[in-house]
file final_5.cif (mmCIF, C-alpha atoms and all ligand atoms; chains and numbers go by the auth columns)
data_data
loop_
_atom_site.group_PDB
_atom_site.id
_atom_site.type_symbol
_atom_site.label_atom_id
_atom_site.label_comp_id
_atom_site.label_asym_id
_atom_site.label_seq_id
_atom_site.Cartn_x
_atom_site.Cartn_y
_atom_site.Cartn_z
_atom_site.B_iso_or_equiv
_atom_site.auth_seq_id
_atom_site.auth_asym_id
ATOM 1 C CA MET A 1 -26.858 66.152 38.315 0.00 1 T
ATOM 2 C CA ARG A 2 -24.047 66.639 35.790 0.00 2 T
ATOM 3 C CA ILE A 3 -23.300 70.266 35.016 0.00 3 T
ATOM 4 C CA VAL A 4 -20.748 71.484 32.489 0.00 4 T
ATOM 5 C CA ILE A 5 -19.628 75.111 32.573 0.00 5 T
ATOM 6 C CA THR A 6 -17.701 76.465 29.634 0.00 6 T
ATOM 7 C CA GLY A 7 -16.760 79.828 28.123 0.00 7 T
ATOM 8 C CA VAL A 8 -13.835 81.874 26.903 0.00 8 T
ATOM 9 C CA PRO A 9 -10.930 82.404 29.376 0.00 9 T
ATOM 10 C CA GLY A 10 -11.799 85.059 31.947 0.00 10 T
ATOM 11 C CA THR A 11 -15.573 84.660 31.802 0.00 11 T
ATOM 12 C CA GLY A 12 -15.625 83.259 35.347 0.00 12 T
ATOM 13 C CA LYS A 13 -15.866 79.495 34.938 0.00 13 T
ATOM 14 C CA THR A 14 -13.562 78.514 37.824 0.00 14 T
ATOM 15 C CA THR A 15 -14.991 81.134 40.179 0.00 15 T
ATOM 16 C CA ILE A 16 -18.610 80.185 39.487 0.00 16 T
ATOM 17 C CA ALA A 17 -18.153 76.409 39.165 0.00 17 T
ATOM 18 C CA LYS A 18 -16.398 76.136 42.538 0.00 18 T
ATOM 19 C CA LYS A 19 -19.156 78.106 44.267 0.00 19 T
ATOM 20 C CA LEU A 20 -21.900 76.188 42.481 0.00 20 T
ATOM 21 C CA ALA A 21 -20.344 72.830 43.377 0.00 21 T
ATOM 22 C CA GLN A 22 -20.171 73.903 47.015 0.00 22 T
ATOM 23 C CA LEU A 23 -23.746 75.165 46.968 0.00 23 T
ATOM 24 C CA LEU A 24 -25.099 71.955 45.419 0.00 24 T
ATOM 25 C CA ASN A 25 -22.704 69.701 47.310 0.00 25 T
ATOM 26 C CA LEU A 26 -21.353 68.197 44.087 0.00 26 T
ATOM 27 C CA PRO A 27 -17.770 67.294 43.176 0.00 27 T
ATOM 28 C CA TYR A 28 -15.929 70.123 41.393 0.00 28 T
ATOM 29 C CA ILE A 29 -13.843 69.129 38.381 0.00 29 T
ATOM 30 C CA SER A 30 -11.484 71.367 36.436 0.00 30 T
ATOM 31 C CA LEU A 31 -11.197 70.038 32.898 0.00 31 T
ATOM 32 C CA THR A 32 -7.994 72.014 32.426 0.00 32 T
ATOM 33 C CA GLU A 33 -6.493 70.166 35.405 0.00 33 T
ATOM 34 C CA GLU A 34 -7.715 66.810 34.104 0.00 34 T
ATOM 35 C CA ALA A 35 -6.217 67.579 30.698 0.00 35 T
ATOM 36 C CA ARG A 36 -2.940 68.526 32.331 0.00 36 T
ATOM 37 C CA LYS A 37 -2.869 65.290 34.327 0.00 37 T
ATOM 38 C CA LEU A 38 -3.467 63.342 31.142 0.00 38 T
ATOM 39 C CA GLY A 39 -0.871 65.335 29.263 0.00 39 T
ATOM 40 C CA ALA A 40 -3.432 66.607 26.751 0.00 40 T
ATOM 41 C CA THR A 41 -3.462 70.069 25.242 0.00 41 T
ATOM 42 C CA PHE A 42 -6.052 71.875 23.159 0.00 42 T
ATOM 43 C CA GLU A 43 -4.020 71.682 19.971 0.00 43 T
ATOM 44 C CA CYS A 44 -3.224 68.014 19.972 0.00 44 T
ATOM 45 C CA ASP A 45 -5.517 65.967 22.080 0.00 45 T
ATOM 46 C CA VAL A 46 -9.224 66.698 22.450 0.00 46 T
ATOM 47 C CA GLU A 47 -9.988 63.176 21.212 0.00 47 T
ATOM 48 C CA GLU A 48 -7.488 61.670 23.644 0.00 48 T
ATOM 49 C CA LEU A 49 -8.953 63.694 26.492 0.00 49 T
ATOM 50 C CA LYS A 50 -12.467 62.594 25.573 0.00 50 T
ATOM 51 C CA LYS A 51 -11.442 58.942 25.681 0.00 51 T
ATOM 52 C CA ALA A 52 -9.412 59.164 28.883 0.00 52 T
ATOM 53 C CA LEU A 53 -11.810 61.299 30.937 0.00 53 T
ATOM 54 C CA SER A 54 -13.406 59.345 33.745 0.00 54 T
ATOM 55 C CA LEU A 55 -16.173 61.175 35.599 0.00 55 T
ATOM 56 C CA PRO A 56 -18.332 60.506 38.677 0.00 56 T
ATOM 57 C CA SER A 57 -22.124 60.234 38.380 0.00 57 T
ATOM 58 C CA SER A 58 -22.643 63.841 39.518 0.00 58 T
ATOM 59 C CA PHE A 59 -20.382 66.853 39.094 0.00 59 T
ATOM 60 C CA VAL A 60 -19.838 70.464 38.246 0.00 60 T
ATOM 61 C CA LEU A 61 -17.146 70.420 35.576 0.00 61 T
ATOM 62 C CA GLU A 62 -15.636 73.545 34.091 0.00 62 T
ATOM 63 C CA GLY A 63 -13.201 74.428 31.339 0.00 63 T
ATOM 64 C CA HIS A 64 -12.994 76.160 27.981 0.00 64 T
ATOM 65 C CA LEU A 65 -12.155 72.820 26.353 0.00 65 T
ATOM 66 C CA ALA A 66 -15.576 71.521 27.401 0.00 66 T
ATOM 67 C CA CYS A 67 -17.126 73.270 24.383 0.00 67 T
ATOM 68 C CA GLU A 68 -14.975 71.201 22.017 0.00 68 T
ATOM 69 C CA PHE A 69 -16.516 67.778 22.621 0.00 69 T
ATOM 70 C CA ALA A 70 -19.514 66.082 24.207 0.00 70 T
ATOM 71 C CA ILE A 71 -19.149 65.383 27.913 0.00 71 T
ATOM 72 C CA PRO A 72 -22.113 63.255 29.054 0.00 72 T
ATOM 73 C CA SER A 73 -24.121 65.754 31.108 0.00 73 T
ATOM 74 C CA ASP A 74 -27.561 67.191 31.822 0.00 74 T
ATOM 75 C CA LEU A 75 -26.806 70.831 31.182 0.00 75 T
ATOM 76 C CA CYS A 76 -24.112 72.980 29.616 0.00 76 T
ATOM 77 C CA ILE A 77 -23.816 76.557 30.844 0.00 77 T
ATOM 78 C CA VAL A 78 -21.822 79.009 28.723 0.00 78 T
ATOM 79 C CA LEU A 79 -20.608 81.924 30.809 0.00 79 T
ATOM 80 C CA ARG A 80 -20.339 85.135 28.815 0.00 80 T
ATOM 81 C CA CYS A 81 -18.610 88.443 29.420 0.00 81 T
ATOM 82 C CA ALA A 82 -19.160 91.614 27.380 0.00 82 T
ATOM 83 C CA PRO A 83 -15.995 92.236 25.278 0.00 83 T
ATOM 84 C CA PRO A 84 -14.913 95.550 26.894 0.00 84 T
ATOM 85 C CA LEU A 85 -15.005 94.014 30.382 0.00 85 T
ATOM 86 C CA LEU A 86 -13.427 90.754 29.233 0.00 86 T
ATOM 87 C CA LYS A 87 -10.572 92.809 27.801 0.00 87 T
ATOM 88 C CA GLU A 88 -10.071 94.428 31.227 0.00 88 T
ATOM 89 C CA ARG A 89 -10.163 91.076 33.047 0.00 89 T
ATOM 90 C CA LEU A 90 -7.557 89.605 30.683 0.00 90 T
ATOM 91 C CA LYS A 91 -5.366 92.719 30.845 0.00 91 T
ATOM 92 C CA GLU A 92 -5.318 92.397 34.618 0.00 92 T
ATOM 93 C CA ARG A 93 -4.005 88.862 34.175 0.00 93 T
ATOM 94 C CA GLY A 94 -1.110 90.214 32.150 0.00 94 T
ATOM 95 C CA TYR A 95 -2.090 88.443 28.926 0.00 95 T
ATOM 96 C CA SER A 96 -0.343 89.603 25.731 0.00 96 T
ATOM 97 C CA GLU A 97 -2.197 91.926 23.324 0.00 97 T
ATOM 98 C CA GLU A 98 -2.444 89.048 20.860 0.00 98 T
ATOM 99 C CA LYS A 99 -3.935 86.638 23.387 0.00 99 T
ATOM 100 C CA ILE A 100 -6.403 89.279 24.578 0.00 100 T
ATOM 101 C CA GLU A 101 -7.481 90.030 21.002 0.00 101 T
ATOM 102 C CA GLU A 102 -7.926 86.340 20.206 0.00 102 T
ATOM 103 C CA ASN A 103 -10.089 85.713 23.261 0.00 103 T
ATOM 104 C CA VAL A 104 -12.122 88.920 22.969 0.00 104 T
ATOM 105 C CA MET A 105 -12.914 88.161 19.332 0.00 105 T
ATOM 106 C CA ALA A 106 -13.821 84.558 20.205 0.00 106 T
ATOM 107 C CA GLU A 107 -16.223 85.944 22.802 0.00 107 T
ATOM 108 C CA ALA A 108 -17.681 88.560 20.429 0.00 108 T
ATOM 109 C CA LEU A 109 -18.283 85.827 17.834 0.00 109 T
ATOM 110 C CA ASP A 110 -20.054 83.511 20.338 0.00 110 T
ATOM 111 C CA TYR A 111 -17.393 80.864 19.724 0.00 111 T
ATOM 112 C CA CYS A 112 -18.040 78.753 22.837 0.00 112 T
ATOM 113 C CA THR A 113 -21.831 78.893 22.488 0.00 113 T
ATOM 114 C CA GLN A 114 -21.690 77.840 18.839 0.00 114 T
ATOM 115 C CA ARG A 115 -19.317 74.985 19.591 0.00 115 T
ATOM 116 C CA ALA A 116 -21.256 73.847 22.673 0.00 116 T
ATOM 117 C CA ARG A 117 -24.468 73.717 20.634 0.00 117 T
ATOM 118 C CA LEU A 118 -22.830 71.131 18.387 0.00 118 T
ATOM 119 C CA PHE A 119 -22.183 68.791 21.298 0.00 119 T
ATOM 120 C CA TYR A 120 -24.776 69.369 24.045 0.00 120 T
ATOM 121 C CA LYS A 121 -28.539 68.979 24.085 0.00 121 T
ATOM 122 C CA ARG A 122 -29.215 71.765 26.566 0.00 122 T
ATOM 123 C CA VAL A 123 -27.011 74.845 26.313 0.00 123 T
ATOM 124 C CA GLU A 124 -27.834 77.966 28.307 0.00 124 T
ATOM 125 C CA GLU A 125 -25.921 81.247 28.285 0.00 125 T
ATOM 126 C CA VAL A 126 -25.436 83.508 31.294 0.00 126 T
ATOM 127 C CA GLU A 127 -23.941 87.022 31.115 0.00 127 T
ATOM 128 C CA THR A 128 -21.510 87.798 33.923 0.00 128 T
ATOM 129 C CA ALA A 129 -20.676 91.426 33.059 0.00 129 T
ATOM 130 C CA GLY A 130 -22.399 93.907 35.341 0.00 130 T
ATOM 131 C CA ARG A 131 -23.361 91.149 37.764 0.00 131 T
ATOM 132 C CA SER A 132 -21.943 89.890 41.009 0.00 132 T
ATOM 133 C CA GLU A 133 -20.870 86.273 41.336 0.00 133 T
ATOM 134 C CA ASP A 134 -23.885 85.642 43.587 0.00 134 T
ATOM 135 C CA GLU A 135 -26.246 87.076 40.959 0.00 135 T
ATOM 136 C CA VAL A 136 -24.776 84.738 38.350 0.00 136 T
ATOM 137 C CA LEU A 137 -25.179 81.801 40.724 0.00 137 T
ATOM 138 C CA LYS A 138 -28.793 82.728 41.350 0.00 138 T
ATOM 139 C CA ILE A 139 -29.483 82.730 37.600 0.00 139 T
ATOM 140 C CA ILE A 140 -27.849 79.312 37.238 0.00 140 T
ATOM 141 C CA LEU A 141 -29.983 77.938 40.059 0.00 141 T
ATOM 142 C CA GLU A 142 -33.102 79.202 38.227 0.00 142 T
ATOM 143 C CA ILE A 143 -31.859 77.498 35.043 0.00 143 T
ATOM 144 C CA LEU A 144 -31.481 74.265 37.012 0.00 144 T
ATOM 145 C CA LYS A 145 -35.139 74.597 37.975 0.00 145 T
ATOM 146 C CA GLY A 146 -36.060 74.789 34.286 0.00 146 T
ATOM 147 C CA LYS A 147 -35.885 78.481 33.427 0.00 147 T
ATOM 148 C CA LYS A 148 -34.290 79.417 30.101 0.00 148 T
ATOM 149 C CA GLY A 149 -30.933 81.176 30.002 0.00 149 T
ATOM 150 C CA GLU A 150 -30.191 84.367 28.108 0.00 150 T
ATOM 151 C CA GLU A 151 -29.624 85.166 24.439 0.00 151 T
ATOM 152 C CA VAL A 152 -26.290 86.904 24.615 0.00 152 T
ATOM 153 C CA ASP A 153 -25.448 88.884 21.484 0.00 153 T
ATOM 154 C CA TYR A 154 -22.423 91.143 21.003 0.00 154 T
ATOM 155 C CA GLY A 155 -23.207 91.702 17.311 0.00 155 T
ATOM 156 C CA GLU A 156 -23.550 95.451 17.721 0.00 156 T
ATOM 157 C CA TRP A 157 -20.154 95.731 19.425 0.00 157 T
ATOM 158 C CA LEU A 158 -18.647 93.563 16.692 0.00 158 T
ATOM 159 C CA LEU A 159 -20.162 95.660 13.904 0.00 159 T
ATOM 160 C CA ARG A 160 -18.873 98.904 15.449 0.00 160 T
ATOM 161 C CA ARG A 161 -15.469 97.306 15.820 0.00 161 T
ATOM 162 C CA VAL A 162 -15.384 96.174 12.155 0.00 162 T
ATOM 163 C CA ILE A 163 -16.489 99.634 10.958 0.00 163 T
ATOM 164 C CA ASN A 164 -13.791 101.324 13.056 0.00 164 T
ATOM 165 C CA GLU A 165 -11.118 98.931 11.775 0.00 165 T
ATOM 166 C CA GLY A 166 -12.322 99.639 8.217 0.00 166 T
ATOM 167 C CA LYS A 167 -11.994 103.396 8.812 0.00 167 T
ATOM 168 C CA LYS A 168 -8.459 102.890 10.110 0.00 168 T
ATOM 169 C CA VAL A 169 -7.502 100.855 7.026 0.00 169 T
ATOM 170 C CA SER A 170 -9.088 103.233 4.496 0.00 170 T
ATOM 171 C CA GLY A 171 -7.436 106.189 6.251 0.00 171 T
ATOM 172 C CA SER A 172 -3.974 104.651 6.153 0.00 172 T
ATOM 173 C CA SER A 173 -1.365 105.678 3.592 0.00 173 T
ATOM 174 C CA ALA A 174 -0.868 102.056 2.547 0.00 174 T
ATOM 175 C CA PHE A 175 -4.457 101.965 1.340 0.00 175 T
ATOM 176 C CA HIS A 176 -4.096 105.219 -0.648 0.00 176 T
ATOM 177 C CA GLU A 177 -0.902 103.983 -2.262 0.00 177 T
ATOM 178 C CA GLN A 178 -2.692 100.819 -3.284 0.00 178 T
ATOM 179 C CA GLN A 179 -5.576 102.831 -4.720 0.00 179 T
ATOM 180 C CA GLU A 180 -3.272 105.011 -6.790 0.00 180 T
ATOM 181 C CA THR A 181 -1.364 102.174 -8.422 0.00 181 T
HETATM 182 N N1 LIG B . -20.238 87.960 37.983 0.00 201 T
HETATM 183 C C1 LIG B . -19.062 87.361 37.908 0.00 201 T
HETATM 184 N N2 LIG B . -19.006 86.035 37.642 0.00 201 T
HETATM 185 C C2 LIG B . -17.794 85.427 37.547 0.00 201 T
HETATM 186 N N3 LIG B . -16.602 86.036 37.700 0.00 201 T
HETATM 187 C C3 LIG B . -16.617 87.339 37.978 0.00 201 T
HETATM 188 C C4 LIG B . -17.838 88.061 38.080 0.00 201 T
HETATM 189 N N4 LIG B . -17.551 89.339 38.336 0.00 201 T
HETATM 190 C C5 LIG B . -16.215 89.426 38.407 0.00 201 T
HETATM 191 N N5 LIG B . -15.636 88.227 38.201 0.00 201 T
HETATM 192 C C6 LIG B . -14.184 87.990 38.236 0.00 201 T
HETATM 193 O O1 LIG B . -13.735 87.556 36.953 0.00 201 T
HETATM 194 C C7 LIG B . -12.616 86.679 37.099 0.00 201 T
HETATM 195 C C8 LIG B . -12.912 85.385 36.378 0.00 201 T
HETATM 196 O O2 LIG B . -11.809 84.541 36.505 0.00 201 T
HETATM 197 P P1 LIG B . -11.890 82.952 36.438 0.00 201 T
HETATM 198 O O3 LIG B . -10.519 82.469 36.731 0.00 201 T
HETATM 199 O O4 LIG B . -13.003 82.448 37.271 0.00 201 T
HETATM 200 O O5 LIG B . -12.234 82.761 34.877 0.00 201 T
HETATM 201 P P2 LIG B . -12.136 81.429 34.022 0.00 201 T
HETATM 202 O O6 LIG B . -13.268 81.469 33.068 0.00 201 T
HETATM 203 O O7 LIG B . -12.028 80.248 34.918 0.00 201 T
HETATM 204 O O8 LIG B . -10.774 81.619 33.207 0.00 201 T
HETATM 205 P P3 LIG B . -9.804 80.483 32.593 0.00 201 T
HETATM 206 O O9 LIG B . -10.483 79.895 31.387 0.00 201 T
HETATM 207 O O10 LIG B . -8.566 81.220 32.185 0.00 201 T
HETATM 208 O O11 LIG B . -9.537 79.478 33.657 0.00 201 T
HETATM 209 C C9 LIG B . -12.410 86.483 38.596 0.00 201 T
HETATM 210 O O12 LIG B . -11.409 87.344 39.044 0.00 201 T
HETATM 211 C C10 LIG B . -13.775 86.870 39.183 0.00 201 T
HETATM 212 O O13 LIG B . -13.669 87.347 40.507 0.00 201 T
HETATM 213 MG MG MG B . -10.505 78.799 35.120 0.00 202 T
#

call {"tool": "encode", "arguments": {"input": "final_5.cif", "output": "structure tokens"}}
result
Amino acid sequence: MRIVITGVPGTGKTTIAKKLAQLLNLPYISLTEEARKLGATFECDVEELKKALSLPSSFVLEGHLACEFAIPSDLCIVLRCAPPLLKERLKERGYSEEKIEENVMAEALDYCTQRARLFYKRVEEVETAGRSEDEVLKIILEILKGKKGEEVDYGEWLLRRVINEGKKVSGSSAFHEQQET
């Protein structure tokens, strides 16, 4: 069994993949670690990483980079986390405002799911917000038995966010000045 777990930073990939690997008695592989060993980074070297990656016949592999190229596997799980909670998790890590915003928007826009669907035959989403780690693991085990994952959709949150940003812009003096000239 070859399982890939991907998702935006903070969605729980490392936490869940380690537990799943232990539960299924499969080797755990961190793609981020592999990339580091190979000297690859997201910006420069996804192709290099793809070429250099050497994997065993069974594994639980996790990393956000896994949604950027096809890793030969049987299943790709995309862990999701509702934007307000993801924001909290990333704040706790001490991420900058900019980095938090980038990751929260990537999550709201289903970035990892969309990318993963380009590269993997079977992609299943699992929401982690409002669930314990054990509940998430239980859902993944059901998926491994053939059950479908979830259709995660933060469209409503995104729409509210865009409307609120629009209100802020139209209420600002810069906008009124522009309108008057
Ligand atoms: N149901 C859950 N599933 C997974 N993680 C959870 C859950 N509930 C709370 N958490 C917490 O969320 C955090 C997720 O962090 P983790 O390092 O596993 O994320 P990650 O996706 O590997 O991030 P990165 O891409 O930066 O490596 C952990 O502190 C974990 O305890
Ligand atoms: Mg991690």

call {"tool": "atom_distance", "arguments": {"input": "final_5.cif", "atom1": "CA of Leu86 in chain T", "atom2": "CA of Glu33 in chain T"}}
result
22.6 Å

call {"tool": "atom_distance", "arguments": {"input": "final_5.cif", "atom1": "CA of Lys51 in chain T", "atom2": "CA of Ala116 in chain T"}}
result
18.1 Å

call {"tool": "closest_atom_pairs", "arguments": {"input": "final_5.cif", "of": "chain T", "to": "ligand MG 202 (chain T)", "cutoff": "7 Å", "atoms": "only C-alpha atoms and all ligand atoms", "output": "JSON lines"}}
result
{"residue": "T:Pro9", "atom": "CA", "partner": "T:MG202", "partner_atom": "MG", "distance": 6.8}
{"residue": "T:Gly12", "atom": "CA", "partner": "T:MG202", "partner_atom": "MG", "distance": 6.8}
{"residue": "T:Lys13", "atom": "CA", "partner": "T:MG202", "partner_atom": "MG", "distance": 5.4}
{"residue": "T:Thr14", "atom": "CA", "partner": "T:MG202", "partner_atom": "MG", "distance": 4.1}
{"residue": "T:Gly63", "atom": "CA", "partner": "T:MG202", "partner_atom": "MG", "distance": 6.4}

call {"tool": "write_last_selection", "arguments": {"input": "final_5.cif", "atoms": "C-alpha atoms", "output": "PDB file, in the coordinates of the input"}}
result
ATOM      1  CA  PRO T   9     -10.930  82.404  29.376  1.00  0.00           C
ATOM      2  CA  GLY T  12     -15.625  83.259  35.347  1.00  0.00           C
ATOM      3  CA  LYS T  13     -15.866  79.495  34.938  1.00  0.00           C
ATOM      4  CA  THR T  14     -13.562  78.514  37.824  1.00  0.00           C
ATOM      5  CA  GLY T  63     -13.201  74.428  31.339  1.00  0.00           C
TER       6      GLY T  63
END

call {"tool": "residues_near_ligand", "arguments": {"input": "final_5.cif", "ligand": "ligand LIG 201 (chain T)", "cutoff": "8 Å", "atoms": "all atoms listed in the file", "output": "ChimeraX atom specification"}}
result
/T:6-16,32,62-64,79,89,127-136

call {"tool": "resolve_selection", "arguments": {"input": "final_5.cif", "expression": "the PyMOL selection byres (((chain T and resi 4) around 9) and not hetatm)", "output": "ChimeraX atom specification"}}
result
/T:2-3,5-6,17,59-63,66,71,73-78

call {"tool": "closest_residue", "arguments": {"input": "final_5.cif", "among": "T:Leu109, T:Val126, T:Leu159, T:Ala82", "to": "Lys138 in chain T", "atoms": "only C-alpha atoms"}}
result
T:Val126

call {"tool": "closest_residue", "arguments": {"input": "final_5.cif", "among": "T:Gly166, T:Pro56, T:Pro83, T:Gly155", "to": "Leu26 in chain T", "atoms": "only C-alpha atoms"}}
result
T:Pro56

call {"tool": "closest_residue", "arguments": {"input": "final_5.cif", "among": "T:Ala52, T:Arg80, T:Val152, T:Leu144", "to": "Leu38 in chain T", "atoms": "all atoms listed in the file"}}
result
T:Ala52

call {"tool": "closest_residue", "arguments": {"input": "final_5.cif", "among": "T:Ala108, T:Gln114, T:Val123, T:Cys81", "to": "Glu156 in chain T", "atoms": "all atoms listed in the file"}}
result
T:Ala108

call {"tool": "atom_distance", "arguments": {"input": "final_5.cif", "atom1": "CA of Gly146 in chain T", "atom2": "CA of Glu107 in chain T"}}
result
25.5 Å

call {"tool": "residues_near_point", "arguments": {"input": "final_5.cif", "point": "(-10.9, 66.4, 21.8)", "cutoff": "12 Å", "atoms": "all atoms listed in the file", "output": "list in words"}}
result
Leu31, Ala35, Ala40, Thr41, Phe42, Glu43, Cys44, Asp45, Val46, Glu47, Glu48, Leu49, Lys50, Lys51, Ala52, Leu53, His64, Leu65, Ala66, Cys67, Glu68, Phe69, Ala70, Ile71 and Phe119 of chain T

call {"tool": "resolve_selection", "arguments": {"input": "final_5.cif", "expression": "the PyMOL selection byres (((chain T and resi 90) around 10) and not hetatm)", "output": "compact mmCIF listing (two decimals) with C-alpha atoms, in the frame of the given file"}}
result
# COMPACT_ATOMS: atom_id res chain seq x y z
CA PRO T 9 -10.93 82.40 29.38
CA GLY T 10 -11.80 85.06 31.95
CA THR T 11 -15.57 84.66 31.80
CA LEU T 85 -15.00 94.01 30.38
CA LEU T 86 -13.43 90.75 29.23
CA LYS T 87 -10.57 92.81 27.80
CA GLU T 88 -10.07 94.43 31.23
CA ARG T 89 -10.16 91.08 33.05
CA LYS T 91 -5.37 92.72 30.84
CA GLU T 92 -5.32 92.40 34.62
CA ARG T 93 -4.00 88.86 34.17
CA GLY T 94 -1.11 90.21 32.15
CA TYR T 95 -2.09 88.44 28.93
CA SER T 96 -0.34 89.60 25.73
CA GLU T 97 -2.20 91.93 23.32
CA LYS T 99 -3.94 86.64 23.39
CA ILE T 100 -6.40 89.28 24.58
CA GLU T 101 -7.48 90.03 21.00
CA ASN T 103 -10.09 85.71 23.26
CA VAL T 104 -12.12 88.92 22.97

call {"tool": "closest_residue", "arguments": {"input": "final_5.cif", "among": "T:Trp157, T:Glu165, T:Pro72, T:Glu142", "to": "Arg122 in chain T", "atoms": "all atoms listed in the file"}}
result
T:Pro72

call {"tool": "closest_residue", "arguments": {"input": "final_5.cif", "among": "T:Ser57, T:Asn164, T:Thr113, T:Ser170", "to": "Pro27 in chain T", "atoms": "only C-alpha atoms"}}
result
T:Ser57

call {"tool": "build_atoms", "arguments": {"input": "final_5.cif", "residues": "range 69-88 of chain T", "atoms": "N, CA and C atoms", "output": "short mmCIF file (atom, residue, chain, number, x, y, z; two decimals), keeping the file's coordinate frame"}}
result
data_model
loop_
_atom_site.label_atom_id
_atom_site.label_comp_id
_atom_site.auth_asym_id
_atom_site.auth_seq_id
_atom_site.Cartn_x
_atom_site.Cartn_y
_atom_site.Cartn_z
N PHE T 69 -16.05 69.16 22.79
CA PHE T 69 -16.52 67.78 22.62
C PHE T 69 -17.64 67.49 23.61
N ALA T 70 -18.35 66.39 23.37
CA ALA T 70 -19.51 66.08 24.21
C ALA T 70 -19.09 65.39 25.50
N ILE T 71 -19.36 66.02 26.61
CA ILE T 71 -19.15 65.38 27.91
C ILE T 71 -20.54 64.97 28.39
N PRO T 72 -20.79 63.68 28.63
CA PRO T 72 -22.11 63.26 29.05
C PRO T 72 -22.58 64.09 30.25
N SER T 73 -23.69 64.80 30.08
CA SER T 73 -24.12 65.75 31.11
C SER T 73 -25.59 66.11 30.91
N ASP T 74 -26.15 66.80 31.90
CA ASP T 74 -27.56 67.19 31.82
C ASP T 74 -27.73 68.62 31.33
N LEU T 75 -26.70 69.40 31.51
CA LEU T 75 -26.81 70.83 31.18
C LEU T 75 -25.42 71.41 30.90
N CYS T 76 -25.36 72.26 29.89
CA CYS T 76 -24.11 72.98 29.62
C CYS T 76 -24.38 74.48 29.73
N ILE T 77 -23.69 75.11 30.66
CA ILE T 77 -23.82 76.56 30.84
C ILE T 77 -22.63 77.22 30.15
N VAL T 78 -22.91 78.23 29.32
CA VAL T 78 -21.82 79.01 28.72
C VAL T 78 -21.80 80.36 29.42
N LEU T 79 -20.73 80.61 30.16
CA LEU T 79 -20.61 81.92 30.81
C LEU T 79 -20.10 82.92 29.78
N ARG T 80 -20.70 84.10 29.77
CA ARG T 80 -20.34 85.14 28.82
C ARG T 80 -19.84 86.38 29.54
N CYS T 81 -19.06 87.18 28.83
CA CYS T 81 -18.61 88.44 29.42
C CYS T 81 -18.47 89.47 28.30
N ALA T 82 -19.17 90.57 28.41
CA ALA T 82 -19.16 91.61 27.38
C ALA T 82 -17.72 91.97 27.03
N PRO T 83 -17.38 92.05 25.72
CA PRO T 83 -16.00 92.24 25.28
C PRO T 83 -15.20 93.33 26.00
N PRO T 84 -15.74 94.54 26.22
CA PRO T 84 -14.91 95.55 26.89
C PRO T 84 -14.48 95.13 28.30
N LEU T 85 -15.36 94.46 29.03
CA LEU T 85 -15.00 94.01 30.38
C LEU T 85 -14.06 92.81 30.33
N LEU T 86 -14.31 91.92 29.38
CA LEU T 86 -13.43 90.75 29.23
C LEU T 86 -12.00 91.22 28.98
N LYS T 87 -11.88 92.24 28.12
CA LYS T 87 -10.57 92.81 27.80
C LYS T 87 -9.88 93.27 29.09
N GLU T 88 -10.63 93.95 29.95
CA GLU T 88 -10.07 94.43 31.23
C GLU T 88 -9.62 93.26 32.10
#
